[in-house]
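Structure below is final11.json: JSON, C-alpha atoms.
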```json
[["chain", "number", "residue", "atom", "x", "y", "z"],
["A", 1, "MET", "CA", -6.00, 11.02, 19.20],
["A", 2, "SER", "CA", -6.15, 13.97, 16.87],
["A", 3, "GLY", "CA", -5.70, 13.44, 13.14],
["A", 4, "GLU", "CA", -4.60, 17.02, 12.55],
["A", 5, "ARG", "CA", -1.33, 17.60, 10.72],
["A", 6, "ALA", "CA", 1.58, 19.19, 12.52],
["A", 7, "PRO", "CA", 2.02, 22.89, 11.72],
["A", 8, "GLY", "CA", 4.03, 23.36, 8.55],
["A", 9, "SER", "CA", 3.65, 19.75, 7.40],
["A", 10, "PRO", "CA", 3.20, 19.26, 3.63],
["A", 11, "ALA", "CA", -0.21, 18.66, 2.14],
["A", 12, "VAL", "CA", 1.01, 15.29, 0.86],
["A", 13, "ARG", "CA", 4.02, 13.64, 2.46],
["A", 14, "ASP", "CA", 6.90, 12.93, 0.09],
["A", 15, "SER", "CA", 7.75, 9.23, 0.42],
["A", 16, "GLY", "CA", 9.21, 8.76, -3.05],
["A", 17, "ALA", "CA", 8.71, 5.38, -4.67],
["A", 18, "LEU", "CA", 6.81, 4.14, -1.62],
["A", 19, "ALA", "CA", 4.05, 6.62, -2.42],
["A", 20, "THR", "CA", 3.44, 5.31, -5.95],
["A", 21, "ALA", "CA", 4.13, 1.56, -5.57],
["A", 22, "VAL", "CA", 1.13, -0.50, -6.63],
["A", 23, "SER", "CA", 2.29, -4.10, -6.14],
["A", 24, "TRP", "CA", 3.96, -5.10, -2.85],
["A", 25, "LEU", "CA", 5.40, -8.63, -2.91],
["A", 26, "PHE", "CA", 6.12, -10.55, 0.31],
["A", 27, "VAL", "CA", 9.10, -12.89, 0.58],
["A", 28, "PRO", "CA", 10.19, -14.75, 3.76],
["A", 29, "ALA", "CA", 13.33, -13.43, 5.43],
["A", 30, "SER", "CA", 14.30, -17.07, 5.97],
["A", 31, "ARG", "CA", 14.52, -17.62, 2.19],
["A", 32, "PRO", "CA", 17.36, -15.39, 0.94],
["A", 33, "ASP", "CA", 17.49, -17.59, -2.16],
["A", 34, "ARG", "CA", 14.20, -15.94, -3.16],
["A", 35, "PHE", "CA", 15.25, -12.33, -2.61],
["A", 36, "ALA", "CA", 16.63, -11.82, -6.13],
["A", 37, "GLY", "CA", 13.56, -13.41, -7.67],
["A", 38, "ALA", "CA", 11.27, -11.12, -5.70],
["A", 39, "VAL", "CA", 13.27, -8.05, -6.71],
["A", 40, "GLY", "CA", 13.14, -9.12, -10.35],
["A", 41, "SER", "CA", 9.48, -10.16, -10.32],
["A", 42, "GLY", "CA", 8.19, -6.84, -11.63],
["A", 43, "ALA", "CA", 6.72, -5.89, -8.26],
["A", 44, "ASP", "CA", 6.96, -2.21, -7.38],
["A", 45, "ALA", "CA", 8.15, -2.96, -3.83],
["A", 46, "VAL", "CA", 9.43, -6.04, -2.01],
["A", 47, "VAL", "CA", 8.48, -6.82, 1.60],
["A", 48, "ILE", "CA", 10.98, -9.11, 3.32],
["A", 49, "ASP", "CA", 9.01, -10.70, 6.14],
["A", 50, "LEU", "CA", 10.38, -11.44, 9.60],
["A", 51, "GLU", "CA", 6.89, -11.91, 11.07],
["A", 52, "ASP", "CA", 4.23, -14.36, 9.82],
["A", 53, "ALA", "CA", 6.44, -16.04, 7.19],
["A", 54, "VAL", "CA", 9.02, -17.12, 9.79],
["A", 55, "ALA", "CA", 8.33, -19.82, 12.38],
["A", 56, "PRO", "CA", 8.73, -18.74, 16.04],
["A", 57, "GLY", "CA", 11.83, -20.87, 16.53],
["A", 58, "ASP", "CA", 13.53, -19.55, 13.40],
["A", 59, "LYS", "CA", 13.53, -15.81, 14.12],
["A", 60, "ASP", "CA", 17.19, -15.48, 15.10],
["A", 61, "ARG", "CA", 18.32, -17.47, 12.07],
["A", 62, "ALA", "CA", 16.05, -15.43, 9.79],
["A", 63, "ARG", "CA", 17.61, -12.18, 10.98],
["A", 64, "ALA", "CA", 21.07, -13.58, 10.25],
["A", 65, "GLN", "CA", 19.92, -14.70, 6.79],
["A", 66, "LEU", "CA", 18.44, -11.27, 6.16],
["A", 67, "ARG", "CA", 21.75, -9.61, 6.99],
["A", 68, "GLU", "CA", 23.74, -12.01, 4.81],
["A", 69, "GLY", "CA", 21.41, -11.91, 1.82],
["A", 70, "TRP", "CA", 20.33, -8.26, 1.94],
["A", 71, "PRO", "CA", 19.64, -7.07, -1.66],
["A", 72, "SER", "CA", 21.56, -3.80, -1.38],
["A", 73, "ASP", "CA", 21.54, -3.18, -5.13],
["A", 74, "ALA", "CA", 17.80, -3.71, -5.69],
["A", 75, "GLY", "CA", 16.22, -1.42, -8.24],
["A", 76, "VAL", "CA", 12.94, -1.26, -6.30],
["A", 77, "PRO", "CA", 12.18, -0.26, -2.70],
["A", 78, "VAL", "CA", 12.86, -3.10, -0.26],
["A", 79, "VAL", "CA", 11.08, -2.89, 3.09],
["A", 80, "VAL", "CA", 11.11, -5.21, 6.09],
["A", 81, "ARG", "CA", 8.10, -6.40, 8.05],
["A", 82, "VAL", "CA", 9.26, -6.69, 11.64],
["A", 83, "ASN", "CA", 7.52, -8.47, 14.46],
["A", 84, "ALA", "CA", 4.88, -6.48, 16.34],
["A", 85, "ALA", "CA", 5.65, -4.05, 19.14],
["A", 86, "GLY", "CA", 5.70, -5.84, 22.48],
["A", 87, "THR", "CA", 6.92, -9.17, 21.08],
["A", 88, "PRO", "CA", 10.28, -10.63, 22.16],
["A", 89, "GLN", "CA", 11.64, -10.20, 18.61],
["A", 90, "TYR", "CA", 10.67, -6.57, 18.08],
["A", 91, "ALA", "CA", 13.78, -4.77, 19.35],
["A", 92, "ALA", "CA", 16.18, -7.13, 17.58],
["A", 93, "ASP", "CA", 14.27, -6.74, 14.30],
["A", 94, "LEU", "CA", 14.47, -2.95, 14.48],
["A", 95, "ALA", "CA", 18.17, -3.10, 15.30],
["A", 96, "VAL", "CA", 18.81, -5.14, 12.15],
["A", 97, "CYS", "CA", 16.80, -2.64, 10.12],
["A", 98, "ARG", "CA", 18.82, 0.24, 11.51],
["A", 99, "THR", "CA", 21.96, -1.51, 10.24],
["A", 100, "LEU", "CA", 20.61, -2.50, 6.81],
["A", 101, "GLY", "CA", 18.72, 0.70, 6.01],
["A", 102, "PRO", "CA", 15.57, -0.58, 4.23],
["A", 103, "ALA", "CA", 13.31, 1.92, 2.49],
["A", 104, "ALA", "CA", 10.89, 1.50, 5.40],
["A", 105, "VAL", "CA", 9.74, -0.93, 8.06],
["A", 106, "VAL", "CA", 6.29, -2.47, 7.98],
["A", 107, "LEU", "CA", 4.91, -2.36, 11.51],
["A", 108, "PRO", "CA", 2.30, -5.11, 11.98],
["A", 109, "LYS", "CA", -0.66, -4.71, 14.31],
["A", 110, "THR", "CA", -0.08, -0.97, 14.60],
["A", 111, "GLU", "CA", -2.39, 0.38, 17.28],
["A", 112, "SER", "CA", -1.09, 3.82, 18.24],
["A", 113, "ALA", "CA", 0.79, 6.84, 16.98],
["A", 114, "GLU", "CA", 3.40, 6.24, 19.70],
["A", 115, "GLN", "CA", 4.20, 2.82, 18.24],
["A", 116, "VAL", "CA", 4.84, 4.44, 14.86],
["A", 117, "ARG", "CA", 7.04, 7.14, 16.34],
["A", 118, "ALA", "CA", 9.05, 4.67, 18.41],
["A", 119, "ALA", "CA", 9.59, 2.28, 15.50],
["A", 120, "ALA", "CA", 10.74, 5.08, 13.20],
["A", 121, "GLU", "CA", 13.19, 6.32, 15.81],
["A", 122, "ALA", "CA", 14.57, 2.86, 16.63],
["A", 123, "ALA", "CA", 14.93, 1.71, 13.01],
["A", 124, "GLY", "CA", 16.01, 5.06, 11.60],
["A", 125, "THR", "CA", 13.59, 4.60, 8.70],
["A", 126, "PRO", "CA", 10.05, 5.61, 7.69],
["A", 127, "VAL", "CA", 7.23, 3.37, 8.88],
["A", 128, "LEU", "CA", 4.43, 1.68, 6.95],
["A", 129, "PRO", "CA", 1.76, 1.04, 9.61],
["A", 130, "LEU", "CA", -0.09, -2.22, 8.96],
["A", 131, "VAL", "CA", -3.60, -1.76, 10.34],
["A", 132, "GLU", "CA", -5.10, -5.15, 11.17],
["A", 133, "SER", "CA", -7.04, -4.89, 14.43],
["A", 134, "ALA", "CA", -10.13, -3.19, 15.78],
["A", 135, "ARG", "CA", -7.98, -1.06, 18.06],
["A", 136, "GLY", "CA", -5.86, 0.00, 15.11],
["A", 137, "LEU", "CA", -9.01, 1.17, 13.34],
["A", 138, "VAL", "CA", -10.10, 3.18, 16.39],
["A", 139, "GLU", "CA", -6.68, 4.87, 16.49],
["A", 140, "LEU", "CA", -6.39, 5.48, 12.73],
["A", 141, "ALA", "CA", -6.46, 9.27, 13.00],
["A", 142, "GLY", "CA", -3.39, 9.33, 15.21],
["A", 143, "ILE", "CA", -1.60, 6.53, 13.36],
["A", 144, "ALA", "CA", -1.97, 8.24, 9.97],
["A", 145, "ALA", "CA", -0.76, 11.57, 11.36],
["A", 146, "ALA", "CA", 2.13, 10.11, 13.37],
["A", 147, "PRO", "CA", 5.68, 11.32, 12.61],
["A", 148, "GLY", "CA", 7.40, 8.69, 10.50],
["A", 149, "ALA", "CA", 4.25, 7.23, 8.91],
["A", 150, "VAL", "CA", 4.47, 7.36, 5.11],
["A", 151, "ARG", "CA", 1.61, 5.12, 3.91],
["A", 152, "LEU", "CA", -1.04, 2.89, 5.48],
["A", 153, "LEU", "CA", -1.26, -0.83, 4.71],
["A", 154, "PHE", "CA", -4.41, -2.87, 5.29],
["A", 155, "GLY", "CA", -4.15, -6.20, 7.13],
["A", 156, "SER", "CA", -7.52, -7.47, 6.00],
["A", 157, "VAL", "CA", -7.03, -11.15, 6.90],
["A", 158, "ASP", "CA", -6.02, -10.49, 10.51],
["A", 159, "LEU", "CA", -8.68, -7.81, 10.88],
["A", 160, "ALA", "CA", -11.38, -10.24, 9.76],
["A", 161, "LEU", "CA", -10.14, -12.66, 12.41],
["A", 162, "ASP", "CA", -10.10, -9.94, 15.09],
["A", 163, "LEU", "CA", -13.63, -8.84, 14.21],
["A", 164, "GLY", "CA", -14.94, -12.38, 13.82],
["A", 165, "VAL", "CA", -16.27, -11.83, 10.29],
["A", 166, "SER", "CA", -16.03, -14.15, 7.27],
["A", 167, "ASP", "CA", -17.60, -11.93, 4.59],
["A", 168, "ASP", "CA", -15.03, -9.59, 3.00],
["A", 169, "ALA", "CA", -17.78, -7.01, 2.46],
["A", 170, "ALA", "CA", -17.89, -6.60, 6.25],
["A", 171, "LEU", "CA", -14.48, -4.91, 5.97],
["A", 172, "ASP", "CA", -15.64, -2.19, 3.58],
["A", 173, "THR", "CA", -16.17, 0.35, 6.35],
["A", 174, "ALA", "CA", -12.59, -0.28, 7.45],
["A", 175, "ARG", "CA", -11.40, 0.28, 3.88],
["A", 176, "ALA", "CA", -13.26, 3.58, 3.79],
["A", 177, "ASP", "CA", -11.62, 4.58, 7.09],
["A", 178, "LEU", "CA", -8.10, 3.88, 5.78],
["A", 179, "VAL", "CA", -8.77, 5.93, 2.65],
["A", 180, "ARG", "CA", -10.40, 8.78, 4.58],
["A", 181, "TRP", "CA", -7.66, 9.16, 7.19],
["A", 182, "SER", "CA", -4.93, 8.85, 4.57],
["A", 183, "VAL", "CA", -6.41, 11.88, 2.81],
["A", 184, "VAL", "CA", -6.76, 13.84, 6.05],
["A", 185, "ALA", "CA", -3.14, 13.13, 7.04],
["A", 186, "GLY", "CA", -1.73, 13.90, 3.60],
["A", 187, "LEU", "CA", -0.64, 10.31, 2.96],
["A", 188, "PRO", "CA", -0.71, 8.52, -0.42],
["A", 189, "ALA", "CA", -3.64, 6.20, -1.11],
["A", 190, "PRO", "CA", -3.37, 3.16, 1.19],
["A", 191, "VAL", "CA", -2.41, -0.36, 0.11],
["A", 192, "ASP", "CA", -5.09, -3.06, 0.20],
["A", 193, "GLY", "CA", -4.63, -6.44, 1.88],
["A", 194, "VAL", "CA", -3.60, -9.79, 0.43],
["A", 195, "THR", "CA", -5.69, -12.22, -1.57],
["A", 196, "THR", "CA", -4.80, -15.74, -0.49],
["A", 197, "ALA", "CA", -5.86, -17.38, -3.79],
["A", 198, "VAL", "CA", -2.41, -17.74, -5.34],
["A", 199, "ARG", "CA", -3.35, -19.59, -8.53],
["A", 200, "GLU", "CA", -6.55, -17.72, -9.36],
["A", 201, "PRO", "CA", -5.56, -14.59, -11.31],
["A", 202, "GLU", "CA", -9.20, -13.67, -11.92],
["A", 203, "THR", "CA", -9.87, -13.63, -8.18],
["A", 204, "VAL", "CA", -6.79, -11.48, -7.56],
["A", 205, "ALA", "CA", -7.73, -9.09, -10.38],
["A", 206, "ALA", "CA", -11.30, -8.73, -9.09],
["A", 207, "ALA", "CA", -10.09, -8.02, -5.55],
["A", 208, "ALA", "CA", -7.56, -5.47, -6.81],
["A", 209, "ALA", "CA", -10.18, -3.73, -8.96],
["A", 210, "ARG", "CA", -12.49, -3.55, -5.96],
["A", 211, "GLY", "CA", -9.73, -2.02, -3.85],
["A", 212, "ARG", "CA", -9.05, 0.54, -6.55],
["A", 213, "ALA", "CA", -12.75, 1.44, -6.63],
["A", 214, "TRP", "CA", -12.66, 2.00, -2.86],
["A", 215, "GLY", "CA", -9.75, 4.44, -3.23],
["A", 216, "PHE", "CA", -6.74, 2.22, -2.57],
["A", 217, "GLY", "CA", -3.56, 2.80, -4.54],
["A", 218, "GLY", "CA", -2.03, -0.67, -4.43],
["A", 219, "LYS", "CA", -2.24, -4.20, -3.11],
["A", 220, "LEU", "CA", -0.16, -6.61, -1.06],
["A", 221, "CYS", "CA", 0.85, -9.79, -2.92],
["A", 222, "VAL", "CA", 1.90, -13.19, -1.57],
["A", 223, "HIS", "CA", 3.14, -14.72, -4.85],
["A", 224, "PRO", "CA", 4.87, -13.32, -7.97],
["A", 225, "ALA", "CA", 1.98, -14.62, -10.09],
["A", 226, "GLN", "CA", -0.28, -12.03, -8.43],
["A", 227, "VAL", "CA", 1.78, -9.06, -9.61],
["A", 228, "PRO", "CA", 0.57, -8.88, -13.26],
["A", 229, "PRO", "CA", -3.18, -9.02, -12.44],
["A", 230, "VAL", "CA", -2.70, -6.38, -9.75],
["A", 231, "HIS", "CA", -0.94, -4.07, -12.19],
["A", 232, "ALA", "CA", -3.64, -4.64, -14.78],
["A", 233, "ALA", "CA", -6.43, -3.92, -12.30],
["A", 234, "PHE", "CA", -4.91, -0.60, -11.24],
["A", 235, "ALA", "CA", -4.15, 0.52, -14.80],
["A", 236, "PRO", "CA", -6.74, 2.71, -16.56],
["A", 237, "THR", "CA", -8.78, 1.02, -19.27],
["A", 238, "GLU", "CA", -8.75, 2.34, -22.83],
["A", 239, "GLU", "CA", -12.27, 3.65, -22.28],
["A", 240, "GLU", "CA", -11.17, 5.53, -19.14],
["A", 241, "LEU", "CA", -8.18, 6.98, -20.99],
["A", 242, "ARG", "CA", -10.29, 8.12, -23.93],
["A", 243, "TRP", "CA", -12.69, 9.83, -21.52],
["A", 244, "ALA", "CA", -9.82, 11.52, -19.65],
["A", 245, "ARG", "CA", -8.26, 12.83, -22.86],
["A", 246, "ARG", "CA", -11.60, 14.22, -24.03],
["A", 247, "VAL", "CA", -12.03, 15.99, -20.68],
["A", 248, "LEU", "CA", -8.55, 17.50, -20.79],
["A", 249, "ALA", "CA", -9.02, 18.60, -24.38],
["A", 250, "ALA", "CA", -12.31, 20.29, -23.48],
["A", 251, "ASP", "CA", -10.72, 21.94, -20.46],
["A", 252, "ALA", "CA", -7.81, 23.23, -22.55],
["A", 253, "GLY", "CA", -10.22, 24.75, -25.03],
["A", 254, "GLY", "CA", -12.19, 26.51, -22.31],
["A", 255, "PRO", "CA", -15.98, 26.73, -22.09],
["A", 256, "ASP", "CA", -17.78, 27.50, -25.32],
["A", 257, "THR", "CA", -20.05, 30.49, -25.72],
["A", 258, "GLY", "CA", -23.06, 28.43, -24.65],
["A", 259, "GLY", "CA", -21.76, 27.90, -21.10],
["A", 260, "ALA", "CA", -19.68, 25.29, -19.29],
["A", 261, "ALA", "CA", -18.02, 22.61, -21.43],
["A", 262, "LEU", "CA", -19.65, 19.19, -21.53],
["A", 263, "VAL", "CA", -18.11, 15.76, -22.21],
["A", 264, "ASP", "CA", -20.46, 12.80, -22.58],
["A", 265, "GLY", "CA", -23.17, 14.94, -21.04],
["A", 266, "GLU", "CA", -21.08, 15.66, -17.94],
["A", 267, "MET", "CA", -20.21, 19.20, -16.95],
["A", 268, "ILE", "CA", -16.44, 19.74, -16.82],
["A", 269, "ASP", "CA", -15.60, 21.31, -13.49],
["A", 270, "ARG", "CA", -12.46, 21.21, -11.36],
["A", 271, "PRO", "CA", -13.00, 17.77, -9.70],
["A", 272, "VAL", "CA", -13.75, 16.17, -13.08],
["A", 273, "VAL", "CA", -10.62, 17.68, -14.63],
["A", 274, "GLU", "CA", -8.47, 16.53, -11.73],
["A", 275, "ARG", "CA", -9.88, 13.01, -12.01],
["A", 276, "ALA", "CA", -8.97, 13.02, -15.70],
["A", 277, "ARG", "CA", -5.43, 14.19, -14.90],
["A", 278, "ARG", "CA", -4.99, 11.42, -12.36],
["A", 279, "THR", "CA", -6.18, 8.86, -14.90],
["A", 280, "VAL", "CA", -3.62, 10.01, -17.46],
["A", 281, "ARG", "CA", -0.85, 10.06, -14.84],
["A", 282, "ALA", "CA", -1.71, 6.50, -13.80],
["A", 283, "ALA", "CA", -1.35, 5.36, -17.40],
["A", 284, "ARG", "CA", 2.12, 6.87, -17.57],
["A", 285, "ARG", "CA", 3.40, 4.97, -14.54],
["A", 286, "PRO", "CA", 6.41, 2.78, -15.47],
["A", 287, "GLY", "CA", 5.40, -0.79, -16.15],
["A", 288, "VAL", "CA", 1.73, -0.01, -16.76],
["A", 289, "ALA", "CA", 0.21, -1.37, -19.94],
["A", 290, "SER", "CA", -2.67, 1.07, -20.33],
["A", 291, "GLY", "CA", -5.92, -0.35, -21.52],
["A", 292, "SER", "CA", -5.00, -3.86, -20.43],
["A", 293, "ARG", "CA", -8.47, -4.30, -18.94],
["A", 294, "GLY", "CA", -10.19, -3.52, -22.22]]
```

Any chance you could give the structure as structure tokens?
Amino acid sequence: MSGERAPGSPAVRDSGALATAVSWLFVPASRPDRFAGAVGSGADAVVIDLEDAVAPGDKDRARAQLREGWPSDAGVPVVVRVNAAGTPQYAADLAVCRTLGPAAVVLPKTESAEQVRAAAEAAGTPVLPLVESARGLVELAGIAAAPGAVRLLFGSVDLALDLGVSDDAALDTARADLVRWSVVAGLPAPVDGVTTAVREPETVAAAAARGRAWGFGGKLCVHPAQVPPVHAAFAPTEEELRWARRVLAADAGGPDTGGAALVDGEMIDRPVVERARRTVRAARRPGVASGSRG
């Protein structure tokens, strides 16, 4: 499928708070008693899960609990992960979403642009395609460009299973693909997959920092304790901020009479200035404690 944008489409799609959310916290749809805690956890977005977090025999009850406990007054985007296209629960999940009006639906095992389009139409909401299979990777160009898609999510655990790999480094080419096709389609930076180590903040922080280095803009979380280390990992360090401010100051002053401006021995050209601007913007994001990584 072609990854070309539709004529007249914006360079970067406007998806509001979904575009800038860094931490995405999962909570089971079958546990409405946890909805308020998830919303108040400090996470940038909450993902109420009708798929993996709900046992096969509990799907109907979970949908009823979702309707009854829906956090309509949440101060952060609330999205719903439905069951995958082609499953017996898929249509009923989308019907509930159409009634509740979440900020978006997370579509697991997304493998085609048509799946994205159909889900967006049925739910009446934007779609966050969760790419977690080899076929999804092959179809990334079309998925990213599909009408209704607002940001890509990476299902790293399921993808590792599908590919038969146990080393996370084997997924780096997939990470590069998600970042590359997000840029081509004008989407925000994609969201990296979960880290299953719930009580190891150092492990979570290291994984988040690695995702940031690969070009991701956020990370999926499975426990509220993972939210602070994820925020810290995606926040600029004091050293990065000092560098960015020096670059912007040099750019504002213009090149000196000896030629192009230099900062720390680096020539200040347009890409360097833009990187500095992005660093400063990231530090201004609500809830970010800049320099928290030293």

**Asked** Separation of CA of Lys109 (chain A) and CA of Val39 (chain A), in Å?
**Response** 25.4 Å

Please write out, as AutoDock Vina command-line options, where the centre of an axis-aligned box around all listed atoms of region 244-253 of chain A lies and how long its edges are, in Å to one decimal, after adding 8 Å on each side.
```
--center_x -10.1 --center_y 18.1 --center_z -22.3 --size_x 20.5 --size_y 29.2 --size_z 21.4
```

Region 18-127 of chain A residues near region 185-199 of chain A within 8 Å, closest pair each, using only C-alpha atoms, as CSV:
```
residue,atom,partner,partner_atom,distance
A:Ala19,CA,A:Pro188,CA,5.5
A:Thr20,CA,A:Pro188,CA,7.6
A:Val22,CA,A:Val191,CA,7.6
```

Export of the given selection (C-alpha atoms) as a PDB file, in the frame of the given file:
```pdb
ATOM      1  CA  ALA A  19       4.050   6.620  -2.420  1.00  0.00           C
ATOM      2  CA  THR A  20       3.440   5.310  -5.950  1.00  0.00           C
ATOM      3  CA  VAL A  22       1.130  -0.500  -6.630  1.00  0.00           C
TER       4      VAL A  22
END
```

**Message:** Env of region 126-142 of chain A: 10 Å cut, atoms = all atoms listed in the file, seq-sep filter 5 positions within chain, self excluded. Answer as a PyMOL selection string.
**Reply:** chain A and resi 1-5+15+18+79-81+84+102-121+147-163+174-175+177-178+180-182+184-185+190-191+193

**Request:** Using all atoms listed in the file, determine which residues lie at most 8 Å from Arg98 (chain A), disregarding the query and same-chain residues fewer than 5 positions distant; provide the list as a list of chain:residue names.
**Result:** A:Ala122, A:Ala123, A:Gly124, A:Thr125

**Prompt:** Could you name the residues that touch region 65-68 of chain A at 9 Å or less, counting only C-alpha atoms, but leaving out those on the same chain fewer than 5 positions away, as a PyMOL selection string?
**Reply:** chain A and resi 29-32+48+50+60+96+99-100

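Put simply, CA of Val247 (chain A) is 24.5 Å away from CA of Val183 (chain A).
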
As a PDB file, in the frame of the given file, please: region 155-170 of chain A completed to N, CA, C and O atoms.
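Final output, saved to result16.pdb:
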```pdb
ATOM      1  N   GLY A 155      -4.254  -4.785   6.786  1.00  0.00           N
ATOM      2  CA  GLY A 155      -4.150  -6.200   7.130  1.00  0.00           C
ATOM      3  C   GLY A 155      -5.530  -6.817   7.200  1.00  0.00           C
ATOM      4  O   GLY A 155      -6.048  -7.118   8.286  1.00  0.00           O
ATOM      5  N   SER A 156      -6.117  -7.050   6.048  1.00  0.00           N
ATOM      6  CA  SER A 156      -7.520  -7.470   6.000  1.00  0.00           C
ATOM      7  C   SER A 156      -7.753  -8.852   6.590  1.00  0.00           C
ATOM      8  O   SER A 156      -8.790  -9.098   7.232  1.00  0.00           O
ATOM      9  N   VAL A 157      -6.829  -9.782   6.406  1.00  0.00           N
ATOM     10  CA  VAL A 157      -7.030 -11.150   6.900  1.00  0.00           C
ATOM     11  C   VAL A 157      -7.047 -11.167   8.423  1.00  0.00           C
ATOM     12  O   VAL A 157      -7.941 -11.749   9.048  1.00  0.00           O
ATOM     13  N   ASP A 158      -6.058 -10.513   9.048  1.00  0.00           N
ATOM     14  CA  ASP A 158      -6.020 -10.490  10.510  1.00  0.00           C
ATOM     15  C   ASP A 158      -7.172  -9.669  11.085  1.00  0.00           C
ATOM     16  O   ASP A 158      -7.692  -9.987  12.164  1.00  0.00           O
ATOM     17  N   LEU A 159      -7.563  -8.610  10.387  1.00  0.00           N
ATOM     18  CA  LEU A 159      -8.680  -7.810  10.880  1.00  0.00           C
ATOM     19  C   LEU A 159      -9.969  -8.623  10.869  1.00  0.00           C
ATOM     20  O   LEU A 159     -10.763  -8.553  11.815  1.00  0.00           O
ATOM     21  N   ALA A 160     -10.187  -9.393   9.813  1.00  0.00           N
ATOM     22  CA  ALA A 160     -11.380 -10.240   9.760  1.00  0.00           C
ATOM     23  C   ALA A 160     -11.400 -11.214  10.935  1.00  0.00           C
ATOM     24  O   ALA A 160     -12.445 -11.457  11.549  1.00  0.00           O
ATOM     25  N   LEU A 161     -10.232 -11.754  11.272  1.00  0.00           N
ATOM     26  CA  LEU A 161     -10.140 -12.660  12.410  1.00  0.00           C
ATOM     27  C   LEU A 161     -10.444 -11.914  13.711  1.00  0.00           C
ATOM     28  O   LEU A 161     -11.191 -12.402  14.568  1.00  0.00           O
ATOM     29  N   ASP A 162      -9.888 -10.716  13.859  1.00  0.00           N
ATOM     30  CA  ASP A 162     -10.100  -9.940  15.090  1.00  0.00           C
ATOM     31  C   ASP A 162     -11.569  -9.568  15.256  1.00  0.00           C
ATOM     32  O   ASP A 162     -12.100  -9.581  16.379  1.00  0.00           O
ATOM     33  N   LEU A 163     -12.224  -9.244  14.146  1.00  0.00           N
ATOM     34  CA  LEU A 163     -13.630  -8.840  14.210  1.00  0.00           C
ATOM     35  C   LEU A 163     -14.589 -10.027  14.208  1.00  0.00           C
ATOM     36  O   LEU A 163     -15.782  -9.858  14.480  1.00  0.00           O
ATOM     37  N   GLY A 164     -14.083 -11.211  13.866  1.00  0.00           N
ATOM     38  CA  GLY A 164     -14.940 -12.380  13.820  1.00  0.00           C
ATOM     39  C   GLY A 164     -15.877 -12.407  12.639  1.00  0.00           C
ATOM     40  O   GLY A 164     -17.016 -12.886  12.745  1.00  0.00           O
ATOM     41  N   VAL A 165     -15.425 -11.863  11.483  1.00  0.00           N
ATOM     42  CA  VAL A 165     -16.270 -11.830  10.290  1.00  0.00           C
ATOM     43  C   VAL A 165     -15.661 -12.730   9.211  1.00  0.00           C
ATOM     44  O   VAL A 165     -14.443 -12.918   9.154  1.00  0.00           O
ATOM     45  N   SER A 166     -16.508 -13.288   8.358  1.00  0.00           N
ATOM     46  CA  SER A 166     -16.030 -14.150   7.270  1.00  0.00           C
ATOM     47  C   SER A 166     -16.355 -13.575   5.903  1.00  0.00           C
ATOM     48  O   SER A 166     -15.824 -14.043   4.895  1.00  0.00           O
ATOM     49  N   ASP A 167     -17.220 -12.569   5.851  1.00  0.00           N
ATOM     50  CA  ASP A 167     -17.600 -11.930   4.590  1.00  0.00           C
ATOM     51  C   ASP A 167     -16.697 -10.714   4.370  1.00  0.00           C
ATOM     52  O   ASP A 167     -16.669  -9.795   5.204  1.00  0.00           O
ATOM     53  N   ASP A 168     -15.952 -10.702   3.255  1.00  0.00           N
ATOM     54  CA  ASP A 168     -15.030  -9.590   3.000  1.00  0.00           C
ATOM     55  C   ASP A 168     -15.755  -8.253   2.941  1.00  0.00           C
ATOM     56  O   ASP A 168     -15.173  -7.223   3.279  1.00  0.00           O
ATOM     57  N   ALA A 169     -17.024  -8.265   2.540  1.00  0.00           N
ATOM     58  CA  ALA A 169     -17.780  -7.010   2.460  1.00  0.00           C
ATOM     59  C   ALA A 169     -17.925  -6.364   3.833  1.00  0.00           C
ATOM     60  O   ALA A 169     -18.122  -5.145   3.930  1.00  0.00           O
ATOM     61  N   ALA A 170     -17.794  -7.151   4.897  1.00  0.00           N
ATOM     62  CA  ALA A 170     -17.890  -6.600   6.250  1.00  0.00           C
ATOM     63  C   ALA A 170     -16.715  -5.681   6.566  1.00  0.00           C
ATOM     64  O   ALA A 170     -16.765  -4.930   7.550  1.00  0.00           O
TER      65      ALA A 170
END
```
